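Engineer: My structure is stored as query.csv, with CSV, C-alpha atoms.
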```csv
chain,number,residue,atom,x,y,z
P,1,MET,CA,27.1,21.6,12.1
P,2,ILE,CA,24.7,18.6,12.1
P,3,SER,CA,22.6,18.2,9.0
P,4,THR,CA,18.9,17.7,9.5
P,5,GLU,CA,18.5,16.4,6.0
P,6,VAL,CA,16.8,13.0,5.9
P,7,ILE,CA,18.6,10.5,3.8
P,8,LYS,CA,16.2,8.5,1.6
P,9,PRO,CA,16.1,4.9,2.9
P,10,LYS,CA,17.4,2.2,0.6
P,11,ILE,CA,14.1,0.8,-0.7
P,12,LYS,CA,13.2,-1.5,-3.5
P,13,PHE,CA,9.8,-2.4,-4.6
P,14,ILE,CA,9.5,-6.0,-5.7
P,15,ASP,CA,6.5,-7.0,-7.9
P,16,VAL,CA,4.7,-9.8,-6.0
P,17,ASN,CA,4.4,-11.7,-9.2
P,18,ASP,CA,8.3,-11.9,-9.3
P,19,ALA,CA,8.5,-13.2,-5.7
P,20,ASP,CA,8.9,-16.9,-5.0
P,21,GLU,CA,6.0,-18.8,-3.6
P,22,ASN,CA,7.4,-18.8,0.0
P,23,LEU,CA,7.6,-15.0,0.0
P,24,GLN,CA,4.2,-14.7,-1.6
P,25,MET,CA,2.7,-16.8,1.2
P,26,GLN,CA,4.7,-14.9,3.8
P,27,ILE,CA,2.7,-11.7,2.8
P,28,ARG,CA,-0.4,-13.3,4.4
P,29,ASP,CA,1.5,-13.8,7.7
P,30,TRP,CA,2.5,-10.1,7.7
P,31,ARG,CA,-1.1,-9.0,6.9
P,32,ASN,CA,-2.5,-11.2,9.7
P,33,SER,CA,0.0,-10.0,12.3
P,34,ALA,CA,-1.6,-8.2,15.2
P,35,GLU,CA,0.3,-4.9,14.4
P,36,VAL,CA,-1.0,-4.8,10.9
P,37,LYS,CA,-4.5,-6.2,11.0
P,38,LYS,CA,-5.6,-3.7,13.7
P,39,TYR,CA,-5.5,-1.0,10.9
P,40,PHE,CA,-7.7,-3.0,8.4
P,41,GLN,CA,-11.4,-3.5,8.2
P,42,ILE,CA,-11.0,-7.2,7.5
P,43,ASP,CA,-9.5,-8.9,10.5
P,44,TYR,CA,-8.1,-12.2,9.1
P,45,ILE,CA,-7.1,-13.5,5.7
P,46,ASP,CA,-7.3,-17.3,5.3
P,47,VAL,CA,-5.1,-19.3,3.0
P,48,ASP,CA,-7.7,-19.8,0.2
P,49,THR,CA,-8.5,-16.1,0.1
P,50,HIS,CA,-4.8,-15.3,-0.1
P,51,LYS,CA,-4.2,-17.8,-2.9
P,52,ASN,CA,-7.1,-16.4,-4.8
P,53,TRP,CA,-5.7,-12.9,-4.4
P,54,LEU,CA,-2.3,-14.1,-5.7
P,55,LYS,CA,-4.1,-15.6,-8.8
P,56,GLU,CA,-5.9,-12.4,-9.4
P,57,ILE,CA,-2.8,-10.2,-9.3
P,58,ASN,CA,-1.1,-12.6,-11.8
P,59,LYS,CA,-3.8,-12.0,-14.5
P,60,LYS,CA,-2.8,-9.9,-17.4
P,61,ASN,CA,-5.5,-7.3,-16.9
P,62,SER,CA,-5.7,-7.6,-13.2
P,63,SER,CA,-7.4,-4.9,-11.1
P,64,VAL,CA,-4.6,-5.3,-8.5
P,65,ARG,CA,-0.9,-4.5,-8.6
P,66,ALA,CA,1.2,-5.3,-5.5
P,67,PHE,CA,4.8,-4.7,-4.5
P,68,ILE,CA,6.8,-6.0,-1.6
P,69,ILE,CA,8.7,-3.3,0.3
P,70,ASN,CA,12.3,-4.3,0.6
P,71,PHE,CA,14.2,-2.0,3.0
P,72,GLU,CA,18.0,-2.5,3.1
P,73,GLY,CA,17.7,-6.1,1.9
P,74,ASN,CA,14.8,-7.1,4.2
P,75,ASN,CA,11.2,-7.6,3.1
P,76,ILE,CA,9.2,-5.5,5.5
P,77,GLY,CA,5.7,-5.0,4.1
P,78,LEU,CA,3.5,-4.4,1.1
P,79,ILE,CA,2.1,-1.6,-1.1
P,80,TYR,CA,-0.6,-2.1,-3.6
P,81,LEU,CA,-3.1,-0.6,-6.0
P,82,HIS,CA,-6.5,-2.3,-6.1
P,83,LYS,CA,-9.8,-1.6,-7.7
P,84,ILE,CA,-7.8,-0.4,-10.7
P,85,ASP,CA,-10.2,1.0,-13.3
P,86,LYS,CA,-8.4,2.0,-16.4
P,87,GLU,CA,-11.5,3.3,-18.1
P,88,LYS,CA,-12.3,5.7,-15.2
P,89,LYS,CA,-8.6,6.2,-14.6
P,90,LYS,CA,-8.7,5.5,-10.8
P,91,ALA,CA,-7.6,3.1,-8.2
P,92,ASP,CA,-7.4,2.6,-4.4
P,93,ILE,CA,-4.1,2.2,-2.7
P,94,GLY,CA,-2.9,0.5,0.5
P,95,ILE,CA,0.3,0.3,2.5
P,96,TYR,CA,1.5,-1.7,5.4
P,97,ILE,CA,4.8,-2.2,7.2
P,98,TYR,CA,4.6,-5.2,9.4
P,99,ASN,CA,8.0,-4.5,11.1
P,100,THR,CA,6.9,-1.9,13.7
P,101,GLU,CA,10.5,-0.9,14.5
P,102,LEU,CA,10.9,0.5,11.0
P,103,ARG,CA,7.9,2.8,11.1
P,104,GLY,CA,8.6,6.5,11.2
P,105,ARG,CA,11.8,6.3,9.1
P,106,GLY,CA,10.5,7.8,5.9
P,107,ILE,CA,9.6,4.4,4.3
P,108,GLY,CA,6.0,5.4,4.1
P,109,SER,CA,6.9,8.5,2.2
P,110,SER,CA,8.9,6.5,-0.3
P,111,CYS,CA,5.9,4.1,-0.7
P,112,ILE,CA,3.5,7.0,-1.4
P,113,GLU,CA,5.9,8.5,-3.9
P,114,PHE,CA,6.3,5.2,-5.7
P,115,LEU,CA,2.6,4.4,-5.8
P,116,LYS,CA,1.7,7.9,-7.1
P,117,ASP,CA,4.4,7.7,-9.7
P,118,TYR,CA,3.5,4.2,-10.8
P,119,ALA,CA,-0.3,5.0,-10.9
P,120,PHE,CA,0.0,8.3,-12.7
P,121,ASN,CA,3.0,7.7,-15.0
P,122,THR,CA,2.9,3.9,-15.7
P,123,LEU,CA,-0.8,3.1,-15.5
P,124,TYR,CA,-1.9,6.6,-16.6
P,125,LEU,CA,-4.5,6.9,-13.9
P,126,ASN,CA,-5.8,10.3,-12.7
P,127,THR,CA,-7.2,9.7,-9.2
P,128,LEU,CA,-6.2,7.6,-6.2
P,129,TYR,CA,-8.3,6.8,-3.2
P,130,LEU,CA,-7.6,5.2,0.1
P,131,GLU,CA,-9.4,4.3,3.3
P,132,VAL,CA,-7.9,4.9,6.7
P,133,LEU,CA,-9.2,4.3,10.2
P,134,LYS,CA,-9.9,7.7,11.7
P,135,ASP,CA,-7.7,7.0,14.7
P,136,ASN,CA,-4.7,6.1,12.6
P,137,MET,CA,-3.1,9.6,12.8
P,138,ARG,CA,0.3,8.5,11.7
P,139,ALA,CA,-1.1,7.3,8.4
P,140,ILE,CA,-3.5,10.3,8.0
P,141,ASN,CA,-0.6,12.7,8.5
P,142,LEU,CA,1.4,10.9,5.9
P,143,TYR,CA,-1.4,10.9,3.3
P,144,GLU,CA,-2.2,14.5,3.8
P,145,LYS,CA,1.5,15.4,3.5
P,146,TYR,CA,1.3,13.9,0.0
P,147,GLY,CA,-1.8,15.7,-1.2
P,148,PHE,CA,-4.6,13.3,-0.2
P,149,LYS,CA,-7.7,15.2,0.9
P,150,GLN,CA,-10.5,13.7,3.0
P,151,VAL,CA,-13.7,13.3,0.9
P,152,SER,CA,-16.0,11.4,3.3
P,153,LEU,CA,-16.4,9.4,6.5
P,154,ARG,CA,-18.1,6.0,6.7
P,155,ASP,CA,-18.4,4.6,10.2
P,156,ASN,CA,-14.9,5.0,11.6
P,157,VAL,CA,-13.1,5.1,8.2
P,158,TYR,CA,-12.1,8.2,6.4
P,159,ILE,CA,-12.0,8.1,2.6
P,160,TYR,CA,-9.2,10.2,1.0
P,161,LYS,CA,-8.3,11.0,-2.6
P,162,THR,CA,-5.7,12.7,-4.6
P,163,GLU,CA,-5.5,13.6,-8.2
P,164,LYS,CA,-2.7,13.8,-10.8
P,165,ALA,CA,-1.7,17.4,-11.4
P,166,GLY,CA,-3.5,18.8,-14.4
P,167,ALA,CA,-6.0,16.0,-14.6
```
Take the structure I supplied and represent it as structure tokens, if you would.

Structural biologist:
Amino acid sequence: MISTEVIKPKIKFIDVNDADENLQMQIRDWRNSAEVKKYFQIDYIDVDTHKNWLKEINKKNSSVRAFIINFEGNNIGLIYLHKIDKEKKKADIGIYIYNTELRGRGIGSSCIEFLKDYAFNTLYLNTLYLEVLKDNMRAINLYEKYGFKQVSLRDNVYIYKTEKAGA
């Protein structure tokens, strides 16, 4: 009998602040790749913008937390919380996997689980939001699987949210 159980991929999440400078700068290349930038509202990130973002996430009370997705020893993308508002207990999330060959292997599920756990149980937030292009059905299906509900539409972008149980 063949098991249909999916084995959780071997994933680690590396705080961007703990990464060396080369890896921190490589994140910009991933984000600017054709296969990633087509899913974002901002087309291109220049070096100065990226360096300013790195400075921001290194601040003690930063409104951004970012983690490199390491799958079986290879760095393959990024997950992040941004617009973190501890007073209102909310943040926005983002995910991208630049290595297209690894999409559809359960990595996104692990990313969502990690982000929700980190946001709700480490940062003590209650609400997470995200924006997704309305034609990005793979991402939409993933987000809805993990409890995100569509709350609005702006141009061609859906706004989704999820809340901590009992919040």

Engineer: Mind checking which residues fall within 12 Å of P:Thr122, counting all atoms listed in the file, ignoring those fewer than 4 positions away in the same chain, and posting them as a list in words?

Structural biologist: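 Using all atoms listed in the file, the neighbours found are Arg65, Lys86, Lys89, Phe114, Leu115, Lys116, Asp117, Tyr118 and Asn126 of chain P.
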
Engineer: Emit the selected residues as a compact mmCIF listing (two decimals), in the coordinates of the input, including C-alpha atoms.

Structural biologist:
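See out_2.txt below for the written result:
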```
# COMPACT_ATOMS: atom_id res chain seq x y z
CA ARG P 65 -0.90 -4.50 -8.60
CA LYS P 86 -8.40 2.00 -16.40
CA LYS P 89 -8.60 6.20 -14.60
CA PHE P 114 6.30 5.20 -5.70
CA LEU P 115 2.60 4.40 -5.80
CA LYS P 116 1.70 7.90 -7.10
CA ASP P 117 4.40 7.70 -9.70
CA TYR P 118 3.50 4.20 -10.80
CA ASN P 126 -5.80 10.30 -12.70
```

Engineer: What separation in Å, quoted to one decimal, exists between atom CA of P:Lys161 and atom CA of P:Tyr129?

Structural biologist: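 Taking atom CA of P:Lys161 and atom CA of P:Tyr129, their separation equals 4.2 Å.
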
Engineer: For the atom pair atom CA of P:Thr162 and atom CA of P:Ile95, what is the interatomic distance in Å to one decimal place?

Structural biologist: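 Spanning atom CA of P:Thr162 to atom CA of P:Ile95 is a straight-line distance of 15.5 Å.
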
Engineer: Have a look at P:Arg154, P:Lys10, P:Arg138, P:Lys59 and name the one nearest to P:Asn74; count all atoms listed in the file.

Structural biologist: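 Checking each of P:Arg154, P:Lys10, P:Arg138, P:Lys59 against P:Asn74, counting all atoms listed in the file, the winner is P:Lys10.
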
Engineer: Given only C-alpha atoms as the basis, pick out the residue of P:Ile42, P:Ala34, P:Ile112, P:Met25 nearest to P:Thr100.

Structural biologist: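 Ranked by minimum distance to P:Thr100, first place goes to P:Ala34.
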
Engineer: I need the residue nearest P:Asp29 from this list: P:His50, P:Lys90, P:Lys55, P:Lys12. Use all atoms listed in the file for the distance.

Structural biologist: P:His50

Engineer: Determine the nearest neighbour of P:Ala119 from the options P:Arg28, P:Lys38, P:Lys145, P:His82, counting only C-alpha atoms.

Structural biologist: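 Closest to P:Ala119, using only C-alpha atoms: P:His82.
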
Engineer: In terms of the shortest atom-to-atom distance over all atoms listed in the file, which of P:Ala139, P:Ile93, P:Leu128, P:Leu78 is closest to P:Val64?

Structural biologist: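 Smallest distance to P:Val64 is found for P:Ile93.
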
Engineer: Have a look at P:Tyr158, P:Ile11, P:Phe148, P:Ala91 and name the one nearest to P:Glu72; count all atoms listed in the file.

Structural biologist: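 Between P:Tyr158, P:Ile11, P:Phe148, P:Ala91, the residue approaching P:Glu72 most closely is P:Ile11.
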